[in-house]
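**Q** Below you'll find coords36.txt; it's compact mmCIF, N, CA, C and O atoms.
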```txt
# COMPACT_ATOMS: atom_id res chain seq x y z
N MET A 1 -43.51 25.73 26.63
CA MET A 1 -44.80 25.19 27.03
C MET A 1 -45.07 25.59 28.49
O MET A 1 -44.18 25.52 29.34
N SER A 2 -46.27 26.00 28.77
CA SER A 2 -46.61 26.44 30.13
C SER A 2 -46.74 25.24 31.07
O SER A 2 -46.99 24.12 30.64
N ARG A 3 -46.58 25.52 32.34
CA ARG A 3 -46.75 24.49 33.37
C ARG A 3 -48.15 24.63 33.94
O ARG A 3 -48.42 25.53 34.73
N PHE A 4 -49.03 23.76 33.51
CA PHE A 4 -50.43 23.79 33.93
C PHE A 4 -50.55 22.97 35.21
O PHE A 4 -50.22 21.80 35.23
N GLY A 5 -50.99 23.60 36.28
CA GLY A 5 -51.08 22.89 37.54
C GLY A 5 -52.34 23.23 38.31
O GLY A 5 -53.25 23.89 37.79
N PHE A 6 -52.38 22.80 39.54
CA PHE A 6 -53.58 22.97 40.36
C PHE A 6 -53.93 24.43 40.60
O PHE A 6 -55.10 24.77 40.72
N GLN A 7 -52.93 25.29 40.67
CA GLN A 7 -53.21 26.72 40.87
C GLN A 7 -54.12 27.23 39.75
O GLN A 7 -55.16 27.84 40.00
N GLU A 8 -53.73 26.95 38.51
CA GLU A 8 -54.52 27.39 37.37
C GLU A 8 -55.83 26.62 37.26
O GLU A 8 -56.87 27.18 36.94
N MET A 9 -55.79 25.32 37.56
CA MET A 9 -57.02 24.52 37.51
C MET A 9 -58.06 25.08 38.47
O MET A 9 -59.24 25.19 38.13
N GLN A 10 -57.63 25.42 39.68
CA GLN A 10 -58.59 25.95 40.65
C GLN A 10 -59.10 27.32 40.24
O GLN A 10 -60.28 27.61 40.42
N ALA A 11 -58.25 28.15 39.64
CA ALA A 11 -58.70 29.45 39.16
C ALA A 11 -59.77 29.27 38.09
O ALA A 11 -60.80 29.96 38.08
N ILE A 12 -59.56 28.32 37.19
CA ILE A 12 -60.54 28.03 36.13
C ILE A 12 -61.83 27.51 36.74
O ILE A 12 -62.93 27.92 36.34
N GLN A 13 -61.73 26.62 37.72
CA GLN A 13 -62.93 26.07 38.36
C GLN A 13 -63.70 27.15 39.10
O GLN A 13 -64.93 27.17 39.06
N LYS A 14 -62.99 28.05 39.77
CA LYS A 14 -63.67 29.15 40.48
C LYS A 14 -64.44 30.02 39.49
O LYS A 14 -65.57 30.44 39.77
N GLU A 15 -63.84 30.28 38.34
CA GLU A 15 -64.51 31.07 37.30
C GLU A 15 -65.77 30.36 36.81
O GLU A 15 -66.84 30.96 36.68
N LEU A 16 -65.66 29.06 36.57
CA LEU A 16 -66.81 28.28 36.11
C LEU A 16 -67.89 28.21 37.18
O LEU A 16 -69.08 28.40 36.90
N ARG A 17 -67.49 27.98 38.43
CA ARG A 17 -68.45 27.90 39.53
C ARG A 17 -69.17 29.23 39.71
O ARG A 17 -70.36 29.25 39.98
N GLU A 18 -68.45 30.33 39.57
CA GLU A 18 -69.06 31.66 39.72
C GLU A 18 -70.11 31.88 38.63
O GLU A 18 -71.19 32.40 38.90
N LYS A 19 -69.79 31.48 37.42
CA LYS A 19 -70.73 31.66 36.30
C LYS A 19 -72.04 30.91 36.54
O LYS A 19 -73.11 31.40 36.21
N TYR A 20 -71.96 29.70 37.10
CA TYR A 20 -73.15 28.86 37.28
C TYR A 20 -73.57 28.74 38.75
O TYR A 20 -74.27 27.80 39.12
N LYS A 21 -73.17 29.70 39.57
CA LYS A 21 -73.44 29.65 41.01
C LYS A 21 -74.92 29.47 41.33
O LYS A 21 -75.29 28.66 42.18
N GLU A 22 -75.78 30.21 40.64
CA GLU A 22 -77.22 30.11 40.92
C GLU A 22 -77.77 28.73 40.55
O GLU A 22 -78.67 28.23 41.20
N ARG A 23 -77.23 28.14 39.53
CA ARG A 23 -77.70 26.83 39.08
C ARG A 23 -77.09 25.70 39.91
O ARG A 23 -77.77 24.73 40.24
N TRP A 24 -75.80 25.80 40.25
CA TRP A 24 -75.10 24.72 40.93
C TRP A 24 -75.07 24.86 42.44
O TRP A 24 -74.83 23.89 43.16
N GLY A 25 -75.26 26.07 42.95
CA GLY A 25 -75.22 26.29 44.40
C GLY A 25 -73.82 26.60 44.89
O GLY A 25 -72.85 26.60 44.14
N ASP A 26 -73.73 26.90 46.18
CA ASP A 26 -72.46 27.26 46.81
C ASP A 26 -71.62 26.01 47.09
O ASP A 26 -72.15 24.92 47.31
N LEU A 27 -70.32 26.23 47.13
CA LEU A 27 -69.40 25.17 47.53
C LEU A 27 -69.50 24.97 49.03
O LEU A 27 -69.53 25.92 49.79
N SER A 28 -69.59 23.72 49.44
CA SER A 28 -69.71 23.40 50.86
C SER A 28 -69.32 21.94 51.06
O SER A 28 -69.27 21.18 50.08
N PRO A 29 -69.06 21.53 52.31
CA PRO A 29 -68.79 20.11 52.53
C PRO A 29 -69.93 19.21 52.04
O PRO A 29 -69.68 18.15 51.49
N LYS A 30 -71.18 19.64 52.20
CA LYS A 30 -72.31 18.83 51.69
C LYS A 30 -72.18 18.66 50.19
O LYS A 30 -72.35 17.56 49.66
N MET A 31 -71.87 19.75 49.49
CA MET A 31 -71.69 19.64 48.05
C MET A 31 -70.46 18.79 47.73
O MET A 31 -70.42 18.11 46.72
N GLY A 32 -69.45 18.83 48.61
CA GLY A 32 -68.26 18.01 48.42
C GLY A 32 -68.59 16.53 48.35
O GLY A 32 -68.02 15.79 47.55
N ARG A 33 -69.53 16.10 49.17
CA ARG A 33 -69.95 14.69 49.14
C ARG A 33 -70.57 14.34 47.79
O ARG A 33 -70.26 13.31 47.20
N ASP A 34 -71.44 15.20 47.31
CA ASP A 34 -72.05 14.97 46.00
C ASP A 34 -71.00 15.01 44.89
O ASP A 34 -71.02 14.22 43.96
N THR A 35 -70.09 15.96 45.00
CA THR A 35 -69.03 16.13 44.00
C THR A 35 -68.17 14.87 43.92
O THR A 35 -67.80 14.44 42.82
N LEU A 36 -67.87 14.28 45.06
CA LEU A 36 -67.08 13.04 45.05
C LEU A 36 -67.81 11.95 44.28
O LEU A 36 -67.20 11.24 43.47
N LEU A 37 -69.09 11.84 44.47
CA LEU A 37 -69.87 10.83 43.74
C LEU A 37 -69.86 11.11 42.24
O LEU A 37 -69.70 10.20 41.42
N TRP A 38 -70.02 12.37 41.85
CA TRP A 38 -70.00 12.73 40.44
C TRP A 38 -68.62 12.44 39.84
O TRP A 38 -68.50 11.98 38.72
N MET A 39 -67.56 12.72 40.62
CA MET A 39 -66.20 12.46 40.16
C MET A 39 -66.01 10.96 39.91
O MET A 39 -65.42 10.56 38.90
N LEU A 40 -66.54 10.14 40.80
CA LEU A 40 -66.42 8.70 40.62
C LEU A 40 -67.20 8.22 39.39
O LEU A 40 -66.74 7.30 38.69
N CYS A 41 -68.33 8.84 39.12
CA CYS A 41 -69.08 8.51 37.89
C CYS A 41 -68.25 8.84 36.66
O CYS A 41 -68.20 8.06 35.70
N GLU A 42 -67.58 9.98 36.68
CA GLU A 42 -66.72 10.36 35.55
C GLU A 42 -65.54 9.40 35.44
O GLU A 42 -65.14 9.03 34.31
N ALA A 43 -64.99 8.96 36.56
CA ALA A 43 -63.91 7.97 36.53
C ALA A 43 -64.41 6.67 35.90
O ALA A 43 -63.67 5.99 35.18
N GLY A 44 -65.67 6.36 36.15
CA GLY A 44 -66.28 5.19 35.51
C GLY A 44 -66.35 5.34 34.01
O GLY A 44 -66.17 4.36 33.26
N GLU A 45 -66.58 6.56 33.53
CA GLU A 45 -66.59 6.80 32.09
C GLU A 45 -65.19 6.61 31.50
O GLU A 45 -65.04 6.09 30.39
N VAL A 46 -64.17 7.02 32.25
CA VAL A 46 -62.78 6.77 31.82
C VAL A 46 -62.54 5.26 31.73
O VAL A 46 -62.00 4.77 30.73
N ALA A 47 -62.95 4.54 32.76
CA ALA A 47 -62.78 3.09 32.78
C ALA A 47 -63.55 2.42 31.64
O ALA A 47 -63.07 1.44 31.05
N ASP A 48 -64.71 2.95 31.32
CA ASP A 48 -65.51 2.40 30.23
C ASP A 48 -64.79 2.49 28.89
O ASP A 48 -64.82 1.56 28.09
N ILE A 49 -64.12 3.60 28.65
CA ILE A 49 -63.34 3.76 27.42
C ILE A 49 -62.20 2.74 27.40
O ILE A 49 -61.96 2.09 26.38
N LEU A 50 -61.52 2.60 28.53
CA LEU A 50 -60.45 1.60 28.62
C LEU A 50 -60.98 0.21 28.31
O LEU A 50 -60.38 -0.54 27.54
N LYS A 51 -62.10 -0.12 28.90
CA LYS A 51 -62.68 -1.45 28.75
C LYS A 51 -63.15 -1.71 27.32
O LYS A 51 -62.87 -2.75 26.74
N LYS A 52 -63.88 -0.75 26.76
CA LYS A 52 -64.50 -0.96 25.46
C LYS A 52 -63.59 -0.65 24.28
O LYS A 52 -63.70 -1.29 23.24
N GLN A 53 -62.70 0.35 24.42
CA GLN A 53 -61.85 0.75 23.30
C GLN A 53 -60.45 0.15 23.39
O GLN A 53 -59.84 -0.13 22.38
N GLY A 54 -59.93 0.03 24.60
CA GLY A 54 -58.63 -0.58 24.82
C GLY A 54 -57.47 0.40 24.73
O GLY A 54 -57.59 1.52 24.24
N ASP A 55 -56.34 -0.08 25.21
CA ASP A 55 -55.13 0.73 25.27
C ASP A 55 -54.67 1.20 23.89
O ASP A 55 -54.29 2.37 23.73
N THR A 56 -54.69 0.32 22.92
CA THR A 56 -54.20 0.67 21.59
C THR A 56 -54.98 1.82 20.99
O THR A 56 -54.41 2.75 20.43
N ALA A 57 -56.29 1.78 21.12
CA ALA A 57 -57.13 2.86 20.58
C ALA A 57 -56.82 4.19 21.27
O ALA A 57 -56.77 5.23 20.62
N ILE A 58 -56.61 4.14 22.58
CA ILE A 58 -56.30 5.37 23.32
C ILE A 58 -54.97 5.94 22.86
O ILE A 58 -54.80 7.15 22.75
N LEU A 59 -54.03 5.07 22.57
CA LEU A 59 -52.70 5.52 22.13
C LEU A 59 -52.63 5.90 20.66
O LEU A 59 -51.87 6.78 20.28
N GLU A 60 -53.45 5.27 19.82
CA GLU A 60 -53.28 5.43 18.38
C GLU A 60 -54.45 6.07 17.64
O GLU A 60 -54.27 6.59 16.55
N ASP A 61 -55.65 6.02 18.18
CA ASP A 61 -56.82 6.59 17.49
C ASP A 61 -57.11 7.98 18.07
O ASP A 61 -57.45 8.11 19.25
N ALA A 62 -56.99 9.00 17.25
CA ALA A 62 -57.12 10.38 17.71
C ALA A 62 -58.48 10.66 18.36
O ALA A 62 -58.55 11.35 19.39
N GLU A 63 -59.55 10.14 17.80
CA GLU A 63 -60.89 10.39 18.35
C GLU A 63 -61.05 9.73 19.72
O GLU A 63 -61.57 10.35 20.67
N THR A 64 -60.62 8.48 19.83
CA THR A 64 -60.70 7.78 21.12
C THR A 64 -59.84 8.48 22.16
O THR A 64 -60.25 8.67 23.31
N ARG A 65 -58.63 8.87 21.75
CA ARG A 65 -57.72 9.56 22.67
C ARG A 65 -58.32 10.87 23.17
O ARG A 65 -58.29 11.17 24.37
N ALA A 66 -58.91 11.65 22.26
CA ALA A 66 -59.52 12.92 22.64
C ALA A 66 -60.67 12.70 23.62
O ALA A 66 -60.81 13.44 24.61
N HIS A 67 -61.48 11.67 23.38
CA HIS A 67 -62.59 11.36 24.28
C HIS A 67 -62.07 10.94 25.65
O HIS A 67 -62.59 11.36 26.69
N PHE A 68 -61.04 10.11 25.66
CA PHE A 68 -60.42 9.64 26.90
C PHE A 68 -59.88 10.83 27.72
O PHE A 68 -60.16 10.95 28.92
N ILE A 69 -59.17 11.73 27.06
CA ILE A 69 -58.61 12.89 27.75
C ILE A 69 -59.71 13.81 28.25
O ILE A 69 -59.64 14.36 29.37
N GLU A 70 -60.77 13.97 27.47
CA GLU A 70 -61.89 14.80 27.90
C GLU A 70 -62.52 14.25 29.18
O GLU A 70 -62.84 15.00 30.10
N GLU A 71 -62.68 12.94 29.24
CA GLU A 71 -63.26 12.33 30.45
C GLU A 71 -62.31 12.48 31.64
O GLU A 71 -62.75 12.71 32.77
N LEU A 72 -61.00 12.38 31.40
CA LEU A 72 -60.03 12.64 32.47
C LEU A 72 -60.15 14.08 32.97
O LEU A 72 -60.03 14.34 34.18
N CYS A 73 -60.38 15.00 32.05
CA CYS A 73 -60.57 16.41 32.44
C CYS A 73 -61.81 16.56 33.31
O CYS A 73 -61.79 17.32 34.29
N ASP A 74 -62.88 15.84 32.99
CA ASP A 74 -64.08 15.88 33.84
C ASP A 74 -63.74 15.42 35.25
O ASP A 74 -64.18 16.03 36.24
N VAL A 75 -62.95 14.34 35.37
CA VAL A 75 -62.54 13.85 36.69
C VAL A 75 -61.76 14.93 37.42
O VAL A 75 -62.01 15.21 38.60
N MET A 76 -60.82 15.57 36.72
CA MET A 76 -59.99 16.60 37.35
C MET A 76 -60.82 17.82 37.75
O MET A 76 -60.57 18.44 38.79
N MET A 77 -61.83 18.16 36.95
CA MET A 77 -62.69 19.29 37.30
C MET A 77 -63.45 19.02 38.59
O MET A 77 -63.52 19.87 39.48
N TYR A 78 -64.00 17.81 38.70
CA TYR A 78 -64.71 17.46 39.93
C TYR A 78 -63.73 17.36 41.10
O TYR A 78 -64.05 17.74 42.23
N PHE A 79 -62.52 16.86 40.84
CA PHE A 79 -61.50 16.79 41.90
C PHE A 79 -61.20 18.19 42.43
O PHE A 79 -61.12 18.41 43.63
N ASN A 80 -61.04 19.14 41.52
CA ASN A 80 -60.78 20.52 41.95
C ASN A 80 -61.96 21.12 42.68
O ASN A 80 -61.80 21.84 43.66
N ASP A 81 -63.17 20.82 42.23
CA ASP A 81 -64.36 21.27 42.97
C ASP A 81 -64.36 20.69 44.39
O ASP A 81 -64.69 21.38 45.36
N LEU A 82 -64.00 19.43 44.51
CA LEU A 82 -63.94 18.78 45.81
C LEU A 82 -62.93 19.49 46.71
O LEU A 82 -63.21 19.77 47.89
N MET A 83 -61.77 19.82 46.15
CA MET A 83 -60.78 20.58 46.92
C MET A 83 -61.35 21.93 47.35
O MET A 83 -61.17 22.35 48.50
N LEU A 84 -62.05 22.60 46.45
CA LEU A 84 -62.64 23.90 46.78
C LEU A 84 -63.71 23.77 47.85
O LEU A 84 -63.83 24.64 48.72
N CYS A 85 -64.51 22.71 47.80
CA CYS A 85 -65.56 22.51 48.81
C CYS A 85 -64.98 22.40 50.21
O CYS A 85 -65.63 22.79 51.19
N TYR A 86 -63.78 21.88 50.31
CA TYR A 86 -63.14 21.70 51.62
C TYR A 86 -61.99 22.69 51.83
O TYR A 86 -61.15 22.49 52.71
N SER A 87 -61.95 23.74 51.02
CA SER A 87 -60.95 24.81 51.14
C SER A 87 -59.51 24.27 51.17
O SER A 87 -58.69 24.69 51.98
N ILE A 88 -59.23 23.33 50.28
CA ILE A 88 -57.87 22.79 50.16
C ILE A 88 -57.16 23.55 49.05
O ILE A 88 -57.58 23.52 47.90
N SER A 89 -56.10 24.23 49.42
CA SER A 89 -55.35 25.03 48.44
C SER A 89 -54.37 24.14 47.68
O SER A 89 -53.98 23.07 48.16
N PRO A 90 -53.95 24.59 46.50
CA PRO A 90 -52.92 23.84 45.77
C PRO A 90 -51.64 23.67 46.60
O PRO A 90 -51.00 22.63 46.54
N GLU A 91 -51.31 24.68 47.39
CA GLU A 91 -50.11 24.60 48.22
C GLU A 91 -50.24 23.52 49.30
O GLU A 91 -49.30 22.77 49.56
N GLU A 92 -51.42 23.45 49.89
CA GLU A 92 -51.67 22.42 50.91
C GLU A 92 -51.60 21.04 50.28
O GLU A 92 -51.00 20.11 50.84
N LEU A 93 -52.21 20.90 49.11
CA LEU A 93 -52.17 19.62 48.40
C LEU A 93 -50.72 19.24 48.08
O LEU A 93 -50.31 18.09 48.28
N GLU A 94 -49.95 20.21 47.59
CA GLU A 94 -48.56 19.93 47.23
C GLU A 94 -47.76 19.45 48.44
O GLU A 94 -47.00 18.47 48.35
N GLU A 95 -47.93 20.12 49.57
CA GLU A 95 -47.20 19.74 50.78
C GLU A 95 -47.49 18.30 51.18
O GLU A 95 -46.58 17.50 51.42
N VAL A 96 -48.76 17.95 51.24
CA VAL A 96 -49.15 16.60 51.64
C VAL A 96 -48.74 15.58 50.57
O VAL A 96 -48.27 14.48 50.89
N TYR A 97 -48.88 15.95 49.31
CA TYR A 97 -48.51 15.07 48.20
C TYR A 97 -47.02 14.73 48.27
O TYR A 97 -46.62 13.57 48.13
N ARG A 98 -46.20 15.74 48.50
CA ARG A 98 -44.74 15.51 48.58
C ARG A 98 -44.38 14.64 49.79
O ARG A 98 -43.52 13.76 49.70
N LYS A 99 -45.04 14.84 50.93
CA LYS A 99 -44.81 14.00 52.11
C LYS A 99 -45.21 12.55 51.82
O LYS A 99 -44.50 11.62 52.20
N LYS A 100 -46.35 12.39 51.17
CA LYS A 100 -46.83 11.05 50.81
C LYS A 100 -45.84 10.38 49.85
O LYS A 100 -45.53 9.19 49.99
N HIS A 101 -45.35 11.14 48.89
CA HIS A 101 -44.37 10.61 47.95
C HIS A 101 -43.12 10.13 48.69
O HIS A 101 -42.61 9.04 48.43
N GLU A 102 -42.65 10.95 49.61
CA GLU A 102 -41.45 10.58 50.37
C GLU A 102 -41.67 9.29 51.16
O GLU A 102 -40.81 8.41 51.19
N ARG A 103 -42.83 9.16 51.81
CA ARG A 103 -43.15 7.91 52.53
C ARG A 103 -43.18 6.74 51.57
O ARG A 103 -42.65 5.67 51.88
N ASN A 104 -43.79 6.92 50.42
CA ASN A 104 -43.89 5.83 49.44
C ASN A 104 -42.52 5.43 48.89
O ASN A 104 -42.30 4.26 48.58
N MET A 105 -41.62 6.39 48.78
CA MET A 105 -40.29 6.09 48.27
C MET A 105 -39.50 5.18 49.22
O MET A 105 -38.57 4.51 48.81
N HIS A 106 -39.90 5.16 50.47
CA HIS A 106 -39.19 4.34 51.47
C HIS A 106 -40.07 3.24 52.06
O HIS A 106 -39.73 2.66 53.08
N ARG A 107 -41.17 2.98 51.41
CA ARG A 107 -42.13 2.02 51.95
C ARG A 107 -41.62 0.59 51.89
O ARG A 107 -41.74 -0.16 52.84
N TRP A 108 -41.10 0.14 50.78
CA TRP A 108 -40.68 -1.26 50.65
C TRP A 108 -39.21 -1.36 50.35
O TRP A 108 -38.62 -0.67 49.64
```
Show the structure stored in the file as structure tokens.
**A**
Amino acid sequence: MSRFGFQEMQAIQKELREKYKERWGDLSPKMGRDTLLWMLCEAGEVADILKKQGDTAILEDAETRAHFIEELCDVMMYFNDLMLCYSISPEELEEVYRKKHERNMHRW
């Protein structure tokens, strides 16, 4: 099984952004602000499935699970766009993520 990570996610997002560049506009910090709001709306759709369908349906009902995962993908797509708007590379994210993890491991 392949290891799907931010490197590939960003490559996919760049391809998608290039295809719809005229419609969506250029990546920029201004667009990053809008992207964050759209990402939060998608996170709300994830929460809506949790609230209305529940944990059991997500774990056991194939249709609900597929919808839940699709909405999570929308969140991740906007997250990657947000990273691209601010020129955050997967390597930069990994470095900070690992430092944050180390701090959290010794927090309490």
**Q** Would you mind reading off the distance between atom CA of Cys73 of chain A and atom C of Val96 of chain A, one decimal, in Å?
**A**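 Between atom CA of Cys73 of chain A and atom C of Val96 of chain A the gap works out to 21.7 Å.
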**Q** One decimal, in Å: what's the spacing between atom N of Phe68 of chain A and atom CA of Leu37 of chain A?
**A**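 Distance reported for this atom pair: 20.1 Å.
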**Q** Using all atoms listed in the file for the distances, tell me which of A:Phe79, A:Tyr86, A:Phe6, A:Tyr97 is nearest to Ser28 of chain A.
**A** A:Tyr86
**Q** Among chain A, which residues does DSSP mark as alpha helix (DSSP H) when it is run on the backbone? Keep the chain and numbering as in the structure and answer as a ChimeraX atom specification.
**A** /A:6-19,21-24,29-60,62-85,90-105
**Q** Considering all atoms listed in the file, give me a table of residues in segment 31-106 of chain A that are at most 7 Å from segment 9-17 of chain A, with the closest atom pair and distance in Å for each, as a tab-separated table.
**A**
```
residue	atom	partner	partner_atom	distance
A:Met76	O	A:Met9	O	6.9
A:Met77	O	A:Gln13	CA	6.3
A:Asn80	CA	A:Gln10	CA	6.0
A:Asp81	N	A:Gln13	CA	6.5
```
**Q** Figure out the distance between atom CA of Leu84 of chain A and atom CA of Asn104 of chain A, please, to one decimal in Å.
**A** 26.2 Å
**Q** Counting only C-alpha atoms, which residues come within 10 Å of (-68.3, 17.6, 51.2), with the point read in the file's coordinates, and could you list them as a list in words?
**A**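 Residues with an atom close enough to that point: Leu27, Ser28, Pro29, Lys30, Met31, Gly32, Arg33, Asp34, Thr35, Leu36, Asp81, Leu82, Met83, Leu84, Cys85 and Tyr86 of chain A.
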**Q** Which is closer to Ser89 of chain A than all the others in A:Gly5, A:Val46, A:Glu102, A:Leu72, using only C-alpha atoms?
**A** A:Gly5
**Q** How would segment 60-69 of chain A look with all heavy atoms restored, written as an mmCIF file, in the frame of the given file?
**A**
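This is the output file out-v9.cif:
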```
data_model
loop_
_atom_site.group_PDB
_atom_site.id
_atom_site.type_symbol
_atom_site.label_atom_id
_atom_site.label_comp_id
_atom_site.auth_asym_id
_atom_site.auth_seq_id
_atom_site.Cartn_x
_atom_site.Cartn_y
_atom_site.Cartn_z
ATOM 1 N N GLU A 60 -53.450 5.270 19.820
ATOM 2 C CA GLU A 60 -53.280 5.430 18.380
ATOM 3 C C GLU A 60 -54.450 6.070 17.640
ATOM 4 O O GLU A 60 -54.270 6.590 16.550
ATOM 5 C CB GLU A 60 -52.953 4.067 17.752
ATOM 6 C CG GLU A 60 -51.652 3.486 18.282
ATOM 7 C CD GLU A 60 -51.363 2.087 17.756
ATOM 8 O OE1 GLU A 60 -52.135 1.575 16.906
ATOM 9 O OE2 GLU A 60 -50.355 1.503 18.204
ATOM 10 N N ASP A 61 -55.650 6.020 18.180
ATOM 11 C CA ASP A 61 -56.820 6.590 17.490
ATOM 12 C C ASP A 61 -57.110 7.980 18.070
ATOM 13 O O ASP A 61 -57.450 8.110 19.250
ATOM 14 C CB ASP A 61 -58.032 5.670 17.669
ATOM 15 C CG ASP A 61 -59.264 6.213 16.985
ATOM 16 O OD1 ASP A 61 -59.292 6.249 15.743
ATOM 17 O OD2 ASP A 61 -60.200 6.633 17.707
ATOM 18 N N ALA A 62 -56.990 9.000 17.250
ATOM 19 C CA ALA A 62 -57.120 10.380 17.710
ATOM 20 C C ALA A 62 -58.480 10.660 18.360
ATOM 21 O O ALA A 62 -58.550 11.350 19.390
ATOM 22 C CB ALA A 62 -56.878 11.351 16.555
ATOM 23 N N GLU A 63 -59.550 10.140 17.800
ATOM 24 C CA GLU A 63 -60.890 10.390 18.350
ATOM 25 C C GLU A 63 -61.050 9.730 19.720
ATOM 26 O O GLU A 63 -61.570 10.350 20.670
ATOM 27 C CB GLU A 63 -61.951 9.870 17.386
ATOM 28 C CG GLU A 63 -63.352 10.241 17.778
ATOM 29 C CD GLU A 63 -64.375 9.792 16.739
ATOM 30 O OE1 GLU A 63 -64.073 9.782 15.533
ATOM 31 O OE2 GLU A 63 -65.495 9.451 17.158
ATOM 32 N N THR A 64 -60.620 8.480 19.830
ATOM 33 C CA THR A 64 -60.700 7.780 21.120
ATOM 34 C C THR A 64 -59.840 8.480 22.160
ATOM 35 O O THR A 64 -60.250 8.670 23.310
ATOM 36 C CB THR A 64 -60.257 6.314 20.970
ATOM 37 O OG1 THR A 64 -61.091 5.677 20.006
ATOM 38 C CG2 THR A 64 -60.343 5.566 22.289
ATOM 39 N N ARG A 65 -58.630 8.870 21.750
ATOM 40 C CA ARG A 65 -57.720 9.560 22.670
ATOM 41 C C ARG A 65 -58.320 10.870 23.170
ATOM 42 O O ARG A 65 -58.290 11.170 24.370
ATOM 43 C CB ARG A 65 -56.382 9.815 21.981
ATOM 44 C CG ARG A 65 -55.335 10.413 22.883
ATOM 45 C CD ARG A 65 -53.986 10.508 22.174
ATOM 46 N NE ARG A 65 -52.961 11.001 23.052
ATOM 47 C CZ ARG A 65 -52.314 10.293 23.966
ATOM 48 N NH1 ARG A 65 -52.613 9.016 24.117
ATOM 49 N NH2 ARG A 65 -51.384 10.831 24.721
ATOM 50 N N ALA A 66 -58.910 11.650 22.260
ATOM 51 C CA ALA A 66 -59.520 12.920 22.640
ATOM 52 C C ALA A 66 -60.670 12.700 23.620
ATOM 53 O O ALA A 66 -60.810 13.440 24.610
ATOM 54 C CB ALA A 66 -60.006 13.674 21.407
ATOM 55 N N HIS A 67 -61.480 11.670 23.380
ATOM 56 C CA HIS A 67 -62.590 11.360 24.280
ATOM 57 C C HIS A 67 -62.070 10.940 25.650
ATOM 58 O O HIS A 67 -62.590 11.360 26.690
ATOM 59 C CB HIS A 67 -63.462 10.262 23.657
ATOM 60 C CG HIS A 67 -64.696 9.955 24.421
ATOM 61 N ND1 HIS A 67 -65.296 8.731 24.396
ATOM 62 C CD2 HIS A 67 -65.460 10.706 25.258
ATOM 63 C CE1 HIS A 67 -66.353 8.727 25.184
ATOM 64 N NE2 HIS A 67 -66.475 9.916 25.719
ATOM 65 N N PHE A 68 -61.040 10.110 25.660
ATOM 66 C CA PHE A 68 -60.420 9.640 26.900
ATOM 67 C C PHE A 68 -59.880 10.830 27.720
ATOM 68 O O PHE A 68 -60.160 10.950 28.920
ATOM 69 C CB PHE A 68 -59.283 8.667 26.557
ATOM 70 C CG PHE A 68 -58.605 8.047 27.738
ATOM 71 C CD1 PHE A 68 -59.232 7.059 28.484
ATOM 72 C CD2 PHE A 68 -57.309 8.413 28.088
ATOM 73 C CE1 PHE A 68 -58.602 6.464 29.569
ATOM 74 C CE2 PHE A 68 -56.664 7.831 29.162
ATOM 75 C CZ PHE A 68 -57.311 6.853 29.908
ATOM 76 N N ILE A 69 -59.170 11.730 27.060
ATOM 77 C CA ILE A 69 -58.610 12.890 27.750
ATOM 78 C C ILE A 69 -59.710 13.810 28.250
ATOM 79 O O ILE A 69 -59.640 14.360 29.370
ATOM 80 C CB ILE A 69 -57.611 13.642 26.840
ATOM 81 C CG1 ILE A 69 -56.394 12.751 26.571
ATOM 82 C CG2 ILE A 69 -57.188 14.972 27.471
ATOM 83 C CD1 ILE A 69 -55.466 13.283 25.492
#
```
